[in-house]
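Participant: Quick one: the structure is below, questions incoming.
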Amino acid sequence: MALRERLAGSRMDQRRAIIDIGSNTVRLVIYAGSPRAPTVVFNEKVTARLGKGVAETGLLNDKASASALAALARYRTLLDASGVTRVDTVATAAVRDAANGPEFLARVAALGLAPRLLSGLEEAETSAWGVLAAFPGAHGIVGDLGGGSLELTDIAGDHCEHGVSLPWGSLRLKALRAVGPAKFGRHIRQELKSVGWSGRKGLPLYLVGGSCRALAQYAKHVLDWPVDDPHGFELAPERAVSLFRPLGQQGQLDGPIPGISASRLAALPDAAALIVNLVRELKPSKLVFSSWGLREGLLYRKLSRKERAQDVMLASIASFAEDLGTPAGRAAMIAEWTKGVAANGQETLRLAATHLALASLRLEPNLRASHSVDWALRKRWIGLDAEGRAMLAAALLANAGRLPVPGTLARIASPTALRDATAWGLAVRLARKFSGSSPQPLAHSTLTPADGRLVLAVRPPYQALVAETVEKDLRQLAAWLRLEPAVEPLP
């Protein structure tokens, strides 16, 4: 597929919103941009803790309901004021399990919203679709830990099945663990067996939900991990148990941890104990943390087959770069011109690096290197693993003229990958310096490695563009590739 065609249809102006009435929080998220890789433009939650009353009395208590309804009234007003008309409102375990859940939903509808109560199966499968949207072709198990329940679902390629909802939400775990670790572990084992979830081995376990993201942040804090975003973070089962078992045995944590709220921090030992037991019973090949789940699953299931087929990482980065004034066609043009120095089969990632390298030109020169590396390592990019982030960072540093590659990147990427990515960045730097990112000079020139040389061949009248600064960048790229630079006329 041509580079330009990969980006076709990746933009959409109309915003859409999800209101998620969960057991712990009531949240409004407004999305914009690419349908395949929606960008969050507004995200607000209220910790109403609807599930706490349900766990204790079987009812939504008055205080929690009032807090939730006040938040929903605010969300309705915000949506009206901002002109967002595409709104999905869903309620999950707390409302589903409460005897007075229907009465609560009637009050939500009276606010002008159209709430939909998800069954346990619907909640499990929708979260699983969110994971499939984030990890195309994934094969494994999705575990979505919410305030009122844990959903488990099998996923394989383009479908999900065997979804179950278990009453192990973060608001219920403290009471469940009060019987002691041995009885708690037996309870987990027996319940999994009763719903047909025993005996699964060797599959990745994708973990979803605020408590799981907090566990990822905790692990990265302990490991001093160089990538901030918890999405896509992976742990081997043995490492996860070694990190989370001591945490589960603690009554509380000493001091704050960056990226984890006080309320999440207090519930972390309970979540850690549950995950340790799931690892023991499900015996996964690895743990993968996903920031996409129920809300993104709702959006993904509405996409056409063509939209689903788009590369989620490329759609995300291209949309971001376009918002900064870098047309998709310009990045595709430069990626095509530089492909001769990057024959390593990672064309999609190289195109993404080109988008970001060109977008970084909108930054002040003294901020370009640091800010663009922050884009690579700290911004949420769906569909990009840790090594891919390191390669983006290496390419963006080279584009900004910063060598050598920092040692921190070597923790998450191989030397070969970083060397390739640096070549991408140097090639983009040469292309934009030579052409001014204009199509005509690139259309009448080539950059080709041949016979131990890196040859920049140029047709008239564009030889005048090969000034001293261009020759310097050509020499730097050639030296990086262990070639000799050369400038020749192009017939």
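Chain labels follow the order of the structure tokens: the first chain is A, the next B, and so on; residue numbering restarts at 1 in every chain, and ligands are counted from 1 in their shown order.
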Neighbours of stretch 192-209 of chain A within 8 Å (only C-alpha atoms; same-chain residues fewer than 2 positions away dropped), as a ChimeraX atom specification?
Facilitator: /A:127,131,139-146,164,188-190,211-213,281-293
Participant: Kindly export the residues of the current selection with N, CA and C atoms, as a PDB file, in the first residue's frame.
Facilitator:
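Saved as out08.pdb:
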ATOM      1  N   SER A 127     -14.784  -4.090  26.623  1.00  0.00           N
ATOM      2  CA  SER A 127     -13.411  -3.827  27.070  1.00  0.00           C
ATOM      3  C   SER A 127     -12.413  -4.597  26.216  1.00  0.00           C
ATOM      4  N   VAL A 131      -9.110  -3.386  23.798  1.00  0.00           N
ATOM      5  CA  VAL A 131      -7.751  -3.925  23.763  1.00  0.00           C
ATOM      6  C   VAL A 131      -7.386  -4.349  22.345  1.00  0.00           C
ATOM      7  N   HIS A 139      -3.658 -11.963  20.828  1.00  0.00           N
ATOM      8  CA  HIS A 139      -4.202 -13.268  21.175  1.00  0.00           C
ATOM      9  C   HIS A 139      -3.880 -13.497  22.644  1.00  0.00           C
ATOM     10  N   GLY A 140      -4.896 -13.571  23.486  1.00  0.00           N
ATOM     11  CA  GLY A 140      -4.638 -13.739  24.901  1.00  0.00           C
ATOM     12  C   GLY A 140      -5.890 -13.545  25.718  1.00  0.00           C
ATOM     13  N   ILE A 141      -5.726 -12.994  26.920  1.00  0.00           N
ATOM     14  CA  ILE A 141      -6.819 -12.795  27.863  1.00  0.00           C
ATOM     15  C   ILE A 141      -6.841 -11.327  28.269  1.00  0.00           C
ATOM     16  N   VAL A 142      -8.024 -10.742  28.296  1.00  0.00           N
ATOM     17  CA  VAL A 142      -8.199  -9.376  28.792  1.00  0.00           C
ATOM     18  C   VAL A 142      -8.785  -9.440  30.190  1.00  0.00           C
ATOM     19  N   GLY A 143      -8.154  -8.743  31.119  1.00  0.00           N
ATOM     20  CA  GLY A 143      -8.688  -8.598  32.464  1.00  0.00           C
ATOM     21  C   GLY A 143      -8.937  -7.131  32.753  1.00  0.00           C
ATOM     22  N   ASP A 144     -10.190  -6.745  32.881  1.00  0.00           N
ATOM     23  CA  ASP A 144     -10.565  -5.342  33.123  1.00  0.00           C
ATOM     24  C   ASP A 144     -11.021  -5.213  34.565  1.00  0.00           C
ATOM     25  N   LEU A 145     -10.185  -4.559  35.380  1.00  0.00           N
ATOM     26  CA  LEU A 145     -10.478  -4.398  36.802  1.00  0.00           C
ATOM     27  C   LEU A 145     -11.118  -3.038  37.049  1.00  0.00           C
ATOM     28  N   GLY A 146     -12.408  -3.048  37.343  1.00  0.00           N
ATOM     29  CA  GLY A 146     -13.119  -1.818  37.663  1.00  0.00           C
ATOM     30  C   GLY A 146     -13.388  -1.714  39.150  1.00  0.00           C
ATOM     31  N   VAL A 164     -16.698 -13.080  30.979  1.00  0.00           N
ATOM     32  CA  VAL A 164     -17.379 -13.259  32.255  1.00  0.00           C
ATOM     33  C   VAL A 164     -17.124 -12.033  33.121  1.00  0.00           C
ATOM     34  N   ILE A 188     -10.379 -17.207  44.860  1.00  0.00           N
ATOM     35  CA  ILE A 188     -10.094 -16.855  43.473  1.00  0.00           C
ATOM     36  C   ILE A 188     -10.034 -18.119  42.618  1.00  0.00           C
ATOM     37  N   ARG A 189      -9.335 -19.133  43.116  1.00  0.00           N
ATOM     38  CA  ARG A 189      -9.161 -20.377  42.362  1.00  0.00           C
ATOM     39  C   ARG A 189     -10.513 -21.055  42.108  1.00  0.00           C
ATOM     40  N   GLN A 190     -11.343 -21.145  43.137  1.00  0.00           N
ATOM     41  CA  GLN A 190     -12.623 -21.840  42.997  1.00  0.00           C
ATOM     42  C   GLN A 190     -13.571 -21.098  42.060  1.00  0.00           C
ATOM     43  N   SER A 211      -6.906   0.912  38.330  1.00  0.00           N
ATOM     44  CA  SER A 211      -6.050   0.251  39.314  1.00  0.00           C
ATOM     45  C   SER A 211      -4.889  -0.468  38.639  1.00  0.00           C
ATOM     46  N   CYS A 212      -5.145  -1.054  37.476  1.00  0.00           N
ATOM     47  CA  CYS A 212      -4.061  -1.739  36.750  1.00  0.00           C
ATOM     48  C   CYS A 212      -3.048  -0.737  36.220  1.00  0.00           C
ATOM     49  N   ARG A 213      -3.520   0.400  35.716  1.00  0.00           N
ATOM     50  CA  ARG A 213      -2.574   1.430  35.274  1.00  0.00           C
ATOM     51  C   ARG A 213      -1.736   1.934  36.448  1.00  0.00           C
ATOM     52  N   GLU A 281      -2.983 -18.426  38.819  1.00  0.00           N
ATOM     53  CA  GLU A 281      -4.012 -19.313  38.286  1.00  0.00           C
ATOM     54  C   GLU A 281      -4.022 -19.365  36.761  1.00  0.00           C
ATOM     55  N   LEU A 282      -3.810 -18.230  36.105  1.00  0.00           N
ATOM     56  CA  LEU A 282      -3.891 -18.183  34.639  1.00  0.00           C
ATOM     57  C   LEU A 282      -2.557 -18.477  33.971  1.00  0.00           C
ATOM     58  N   LYS A 283      -1.465 -18.342  34.709  1.00  0.00           N
ATOM     59  CA  LYS A 283      -0.113 -18.635  34.204  1.00  0.00           C
ATOM     60  C   LYS A 283       0.142 -17.972  32.834  1.00  0.00           C
ATOM     61  N   PRO A 284       0.026 -16.646  32.766  1.00  0.00           N
ATOM     62  CA  PRO A 284       0.217 -15.951  31.483  1.00  0.00           C
ATOM     63  C   PRO A 284       1.676 -15.948  31.061  1.00  0.00           C
ATOM     64  N   SER A 285       1.897 -15.735  29.758  1.00  0.00           N
ATOM     65  CA  SER A 285       3.266 -15.612  29.243  1.00  0.00           C
ATOM     66  C   SER A 285       3.868 -14.264  29.602  1.00  0.00           C
ATOM     67  N   LYS A 286       3.013 -13.252  29.724  1.00  0.00           N
ATOM     68  CA  LYS A 286       3.458 -11.914  30.112  1.00  0.00           C
ATOM     69  C   LYS A 286       2.244 -11.098  30.501  1.00  0.00           C
ATOM     70  N   LEU A 287       2.487  -9.992  31.182  1.00  0.00           N
ATOM     71  CA  LEU A 287       1.438  -9.030  31.510  1.00  0.00           C
ATOM     72  C   LEU A 287       1.643  -7.797  30.643  1.00  0.00           C
ATOM     73  N   VAL A 288       0.562  -7.340  30.006  1.00  0.00           N
ATOM     74  CA  VAL A 288       0.605  -6.156  29.159  1.00  0.00           C
ATOM     75  C   VAL A 288      -0.466  -5.190  29.663  1.00  0.00           C
ATOM     76  N   PHE A 289      -0.067  -3.959  29.957  1.00  0.00           N
ATOM     77  CA  PHE A 289      -1.006  -2.973  30.490  1.00  0.00           C
ATOM     78  C   PHE A 289      -1.573  -2.125  29.354  1.00  0.00           C
ATOM     79  N   SER A 290      -2.884  -1.998  29.333  1.00  0.00           N
ATOM     80  CA  SER A 290      -3.568  -1.264  28.264  1.00  0.00           C
ATOM     81  C   SER A 290      -4.333  -0.075  28.830  1.00  0.00           C
ATOM     82  N   SER A 291      -4.132   1.093  28.234  1.00  0.00           N
ATOM     83  CA  SER A 291      -4.911   2.273  28.601  1.00  0.00           C
ATOM     84  C   SER A 291      -6.222   2.337  27.834  1.00  0.00           C
ATOM     85  N   TRP A 292      -6.367   1.509  26.823  1.00  0.00           N
ATOM     86  CA  TRP A 292      -7.627   1.432  26.091  1.00  0.00           C
ATOM     87  C   TRP A 292      -8.445   0.275  26.635  1.00  0.00           C
ATOM     88  N   GLY A 293      -9.747   0.513  26.782  1.00  0.00           N
ATOM     89  CA  GLY A 293     -10.632  -0.513  27.290  1.00  0.00           C
ATOM     90  C   GLY A 293     -12.059  -0.257  26.874  1.00  0.00           C
TER      91      GLY A 293
END
Participant: Find the residues around A:Glu484 up to 6 Å (only C-alpha atoms counted), leave out those fewer than 2 positions away in its own chain, and share them as a PyMOL selection string.
Facilitator: chain A and resi 453-454+478
Participant: Contacts of A:Val46 at 8 Å or less, counting only C-alpha atoms, minus same-chain residues fewer than 6 places along, as number ranges by chain?
Facilitator: A: 25-27, 67-68, 71
Participant: Selection from above, N, CA, C and O atoms, as a CSV table (one decimal), in the first residue's frame, can you write it?
Facilitator:
chain,number,residue,atom,x,y,z
A,25,THR,N,-15.9,5.7,39.6
A,25,THR,CA,-15.9,7.0,39.0
A,25,THR,C,-17.0,7.2,38.0
A,25,THR,O,-17.5,6.2,37.4
A,26,VAL,N,-17.4,8.4,37.8
A,26,VAL,CA,-18.3,8.8,36.7
A,26,VAL,C,-17.5,9.7,35.8
A,26,VAL,O,-17.0,10.8,36.3
A,27,ARG,N,-17.3,9.4,34.5
A,27,ARG,CA,-16.3,10.1,33.7
A,27,ARG,C,-16.9,10.5,32.4
A,27,ARG,O,-17.8,9.8,31.8
A,67,SER,N,-23.9,12.6,44.1
A,67,SER,CA,-22.6,13.0,43.5
A,67,SER,C,-22.5,12.7,42.1
A,67,SER,O,-22.1,13.5,41.2
A,68,ALA,N,-23.0,11.5,41.7
A,68,ALA,CA,-23.0,11.0,40.3
A,68,ALA,C,-23.9,11.9,39.5
A,68,ALA,O,-23.6,12.3,38.4
A,71,ALA,N,-22.6,15.3,38.8
A,71,ALA,CA,-21.5,15.2,37.7
A,71,ALA,C,-22.2,15.1,36.3
A,71,ALA,O,-21.8,15.7,35.4
Participant: Which distance in Å separates atom CA of A:Ala321 and atom CA of A:Arg350, to one decimal?
Facilitator: 14.2 Å
Participant: Can you list, as a PDB file with N, CA, C and O atoms, in the first residue's frame, every residue of stretch 74-141 of chain A that DSSP puts in strand (DSSP E)?
Facilitator:
ATOM      1  N   ARG A  86     -22.750  13.578  19.409  1.00  0.00           N
ATOM      2  CA  ARG A  86     -22.579  12.120  19.373  1.00  0.00           C
ATOM      3  C   ARG A  86     -22.091  11.658  20.746  1.00  0.00           C
ATOM      4  O   ARG A  86     -20.922  11.770  21.076  1.00  0.00           O
ATOM      5  N   VAL A  87     -23.036  11.170  21.546  1.00  0.00           N
ATOM      6  CA  VAL A  87     -22.747  10.845  22.939  1.00  0.00           C
ATOM      7  C   VAL A  87     -23.257   9.438  23.245  1.00  0.00           C
ATOM      8  O   VAL A  87     -24.413   9.114  22.970  1.00  0.00           O
ATOM      9  N   ASP A  88     -22.390   8.600  23.807  1.00  0.00           N
ATOM     10  CA  ASP A  88     -22.785   7.294  24.338  1.00  0.00           C
ATOM     11  C   ASP A  88     -22.676   7.352  25.854  1.00  0.00           C
ATOM     12  O   ASP A  88     -21.614   7.693  26.391  1.00  0.00           O
ATOM     13  N   THR A  89     -23.754   7.016  26.535  1.00  0.00           N
ATOM     14  CA  THR A  89     -23.755   6.961  27.992  1.00  0.00           C
ATOM     15  C   THR A  89     -23.986   5.518  28.416  1.00  0.00           C
ATOM     16  O   THR A  89     -25.010   4.919  28.051  1.00  0.00           O
ATOM     17  N   VAL A  90     -23.039   4.957  29.165  1.00  0.00           N
ATOM     18  CA  VAL A  90     -23.159   3.559  29.576  1.00  0.00           C
ATOM     19  C   VAL A  90     -22.970   3.452  31.080  1.00  0.00           C
ATOM     20  O   VAL A  90     -22.225   4.220  31.696  1.00  0.00           O
ATOM     21  N   ALA A  91     -23.653   2.498  31.670  1.00  0.00           N
ATOM     22  CA  ALA A  91     -23.515   2.191  33.095  1.00  0.00           C
ATOM     23  C   ALA A  91     -23.086   0.740  33.231  1.00  0.00           C
ATOM     24  O   ALA A  91     -23.465  -0.117  32.421  1.00  0.00           O
ATOM     25  N   PRO A 115     -28.991   6.699  28.897  1.00  0.00           N
ATOM     26  CA  PRO A 115     -28.086   5.700  29.458  1.00  0.00           C
ATOM     27  C   PRO A 115     -28.418   4.287  28.986  1.00  0.00           C
ATOM     28  O   PRO A 115     -29.584   3.916  28.815  1.00  0.00           O
ATOM     29  N   ARG A 116     -27.363   3.527  28.768  1.00  0.00           N
ATOM     30  CA  ARG A 116     -27.497   2.113  28.386  1.00  0.00           C
ATOM     31  C   ARG A 116     -26.800   1.269  29.447  1.00  0.00           C
ATOM     32  O   ARG A 116     -25.625   1.482  29.741  1.00  0.00           O
ATOM     33  N   LEU A 117     -27.528   0.330  30.027  1.00  0.00           N
ATOM     34  CA  LEU A 117     -26.963  -0.549  31.040  1.00  0.00           C
ATOM     35  C   LEU A 117     -26.330  -1.748  30.357  1.00  0.00           C
ATOM     36  O   LEU A 117     -27.002  -2.502  29.654  1.00  0.00           O
ATOM     37  N   HIS A 139      -3.658 -11.963  20.828  1.00  0.00           N
ATOM     38  CA  HIS A 139      -4.202 -13.268  21.175  1.00  0.00           C
ATOM     39  C   HIS A 139      -3.880 -13.497  22.644  1.00  0.00           C
ATOM     40  O   HIS A 139      -2.711 -13.548  23.028  1.00  0.00           O
ATOM     41  N   GLY A 140      -4.896 -13.571  23.486  1.00  0.00           N
ATOM     42  CA  GLY A 140      -4.638 -13.739  24.901  1.00  0.00           C
ATOM     43  C   GLY A 140      -5.890 -13.545  25.718  1.00  0.00           C
ATOM     44  O   GLY A 140      -6.999 -13.892  25.291  1.00  0.00           O
ATOM     45  N   ILE A 141      -5.726 -12.994  26.920  1.00  0.00           N
ATOM     46  CA  ILE A 141      -6.819 -12.795  27.863  1.00  0.00           C
ATOM     47  C   ILE A 141      -6.841 -11.327  28.269  1.00  0.00           C
ATOM     48  O   ILE A 141      -5.799 -10.744  28.561  1.00  0.00           O
TER      49      ILE A 141
END
Participant: Stretch 87-204 of chain A near stretch 33-45 of chain A within 12 Å: what's each residue's closest atom pair and its distance in Å to one decimal, counting only C-alpha atoms, ordered by chain then ascending residue number, as JSON lines?
Facilitator:
{"residue": "A:Gly130", "atom": "CA", "partner": "A:Arg36", "partner_atom": "CA", "distance": 11.3}
{"residue": "A:Leu132", "atom": "CA", "partner": "A:Arg36", "partner_atom": "CA", "distance": 11.9}
{"residue": "A:Ala133", "atom": "CA", "partner": "A:Arg36", "partner_atom": "CA", "distance": 8.2}
{"residue": "A:Ala134", "atom": "CA", "partner": "A:Ala37", "partner_atom": "CA", "distance": 8.8}
{"residue": "A:Phe135", "atom": "CA", "partner": "A:Ala37", "partner_atom": "CA", "distance": 11.9}
{"residue": "A:Pro136", "atom": "CA", "partner": "A:Arg36", "partner_atom": "CA", "distance": 11.5}
Participant: Name the residues in contact with stretch 324-340 of chain A at a cut-off of 8 Å, using only C-alpha atoms, excluding same-chain residues fewer than 3 positions from it; report them as a list of chain:residue names.
Facilitator: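 My list of contacting residues is A:Leu3, A:Arg4, A:Leu7, A:Ala318, A:Phe320, A:Ala321, A:Ala343, A:Arg350, A:Leu351, A:Thr354, A:His355, A:Leu358, A:Ala359, A:Arg362, A:Trp424, A:Ala427, A:Val428, A:Ala431, A:Arg432, A:Ser437, A:Pro439, A:Leu442, A:Thr446, A:Leu447, A:Thr448, A:Pro449.
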Participant: Figure out the distance between atom CA of A:Leu247 and atom CA of A:Leu223, please, to one decimal in Å.
Facilitator: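 Atom CA of A:Leu247 lies at a distance of 14.3 Å from atom CA of A:Leu223.
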Participant: If we count only C-alpha atoms, what is near A:Ser445 at a cut-off of 8 Å, once residues fewer than 5 positions away on the same chain are taken out, given as a list in words?
Facilitator: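 The contact residues come out as Leu456, Ala457, Val458, Arg459 and Leu490 of chain A.
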Participant: Atom CA of A:Arg411 to atom CA of A:Gly137: how many Å, to one decimal?
Facilitator: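 If I compute the distance from atom CA of A:Arg411 to atom CA of A:Gly137, I get 26.5 Å.
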Participant: Quick one: residues within 9 Å of A:Ile257, only C-alpha atoms, excluding same-chain residues fewer than 5 positions away - as a PDB file with N, CA and C atoms, in the first residue's frame?
Facilitator:
ATOM      1  N   GLN A 217       2.307   2.027  36.862  1.00  0.00           N
ATOM      2  CA  GLN A 217       3.077   3.195  37.294  1.00  0.00           C
ATOM      3  C   GLN A 217       3.955   2.853  38.493  1.00  0.00           C
ATOM      4  N   TYR A 218       3.418   2.070  39.414  1.00  0.00           N
ATOM      5  CA  TYR A 218       4.205   1.644  40.565  1.00  0.00           C
ATOM      6  C   TYR A 218       5.423   0.832  40.110  1.00  0.00           C
ATOM      7  N   HIS A 221       8.006   3.005  38.494  1.00  0.00           N
ATOM      8  CA  HIS A 221       8.687   3.819  39.499  1.00  0.00           C
ATOM      9  C   HIS A 221       9.786   3.000  40.182  1.00  0.00           C
ATOM     10  N   ALA A 262      -3.926   9.747  45.305  1.00  0.00           N
ATOM     11  CA  ALA A 262      -3.975   9.242  46.678  1.00  0.00           C
ATOM     12  C   ALA A 262      -5.002   8.128  46.829  1.00  0.00           C
ATOM     13  N   LEU A 265      -3.654   5.019  45.269  1.00  0.00           N
ATOM     14  CA  LEU A 265      -2.545   4.520  46.072  1.00  0.00           C
ATOM     15  C   LEU A 265      -3.062   3.684  47.243  1.00  0.00           C
TER      16      LEU A 265
END
Participant: Using only C-alpha atoms, which of A:Arg107, A:Arg96, A:Arg280, A:Lys302 sits nearest A:Arg186?
Facilitator: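 With only C-alpha atoms as the atom set, the closest residue is A:Arg280.
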Participant: Please return, as a PyMOL selection string, all residues of stretch 177-405 of chain A that DSSP assigns to alpha helix (DSSP H) on the basis of the backbone.
Facilitator: chain A and resi 177+181-194+210-223+237-249+262-282+294-300+305-308+312-323+328-337+347-359+365-378+386-399
Participant: Ranking A:Ser304, A:Gln14, A:Thr348, A:Asn399 by minimum distance to A:Arg368 and counting only C-alpha atoms, which one comes first?
Facilitator: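 Among the listed residues, the smallest separation from A:Arg368 belongs to A:Asn399.
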Participant: From the options A:Leu397, A:Val95, A:Leu483, A:Leu78, which residue's atoms come nearest to A:Leu60, counting only C-alpha atoms?
Facilitator: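 Ranked by minimum distance to A:Leu60, first place goes to A:Val95.
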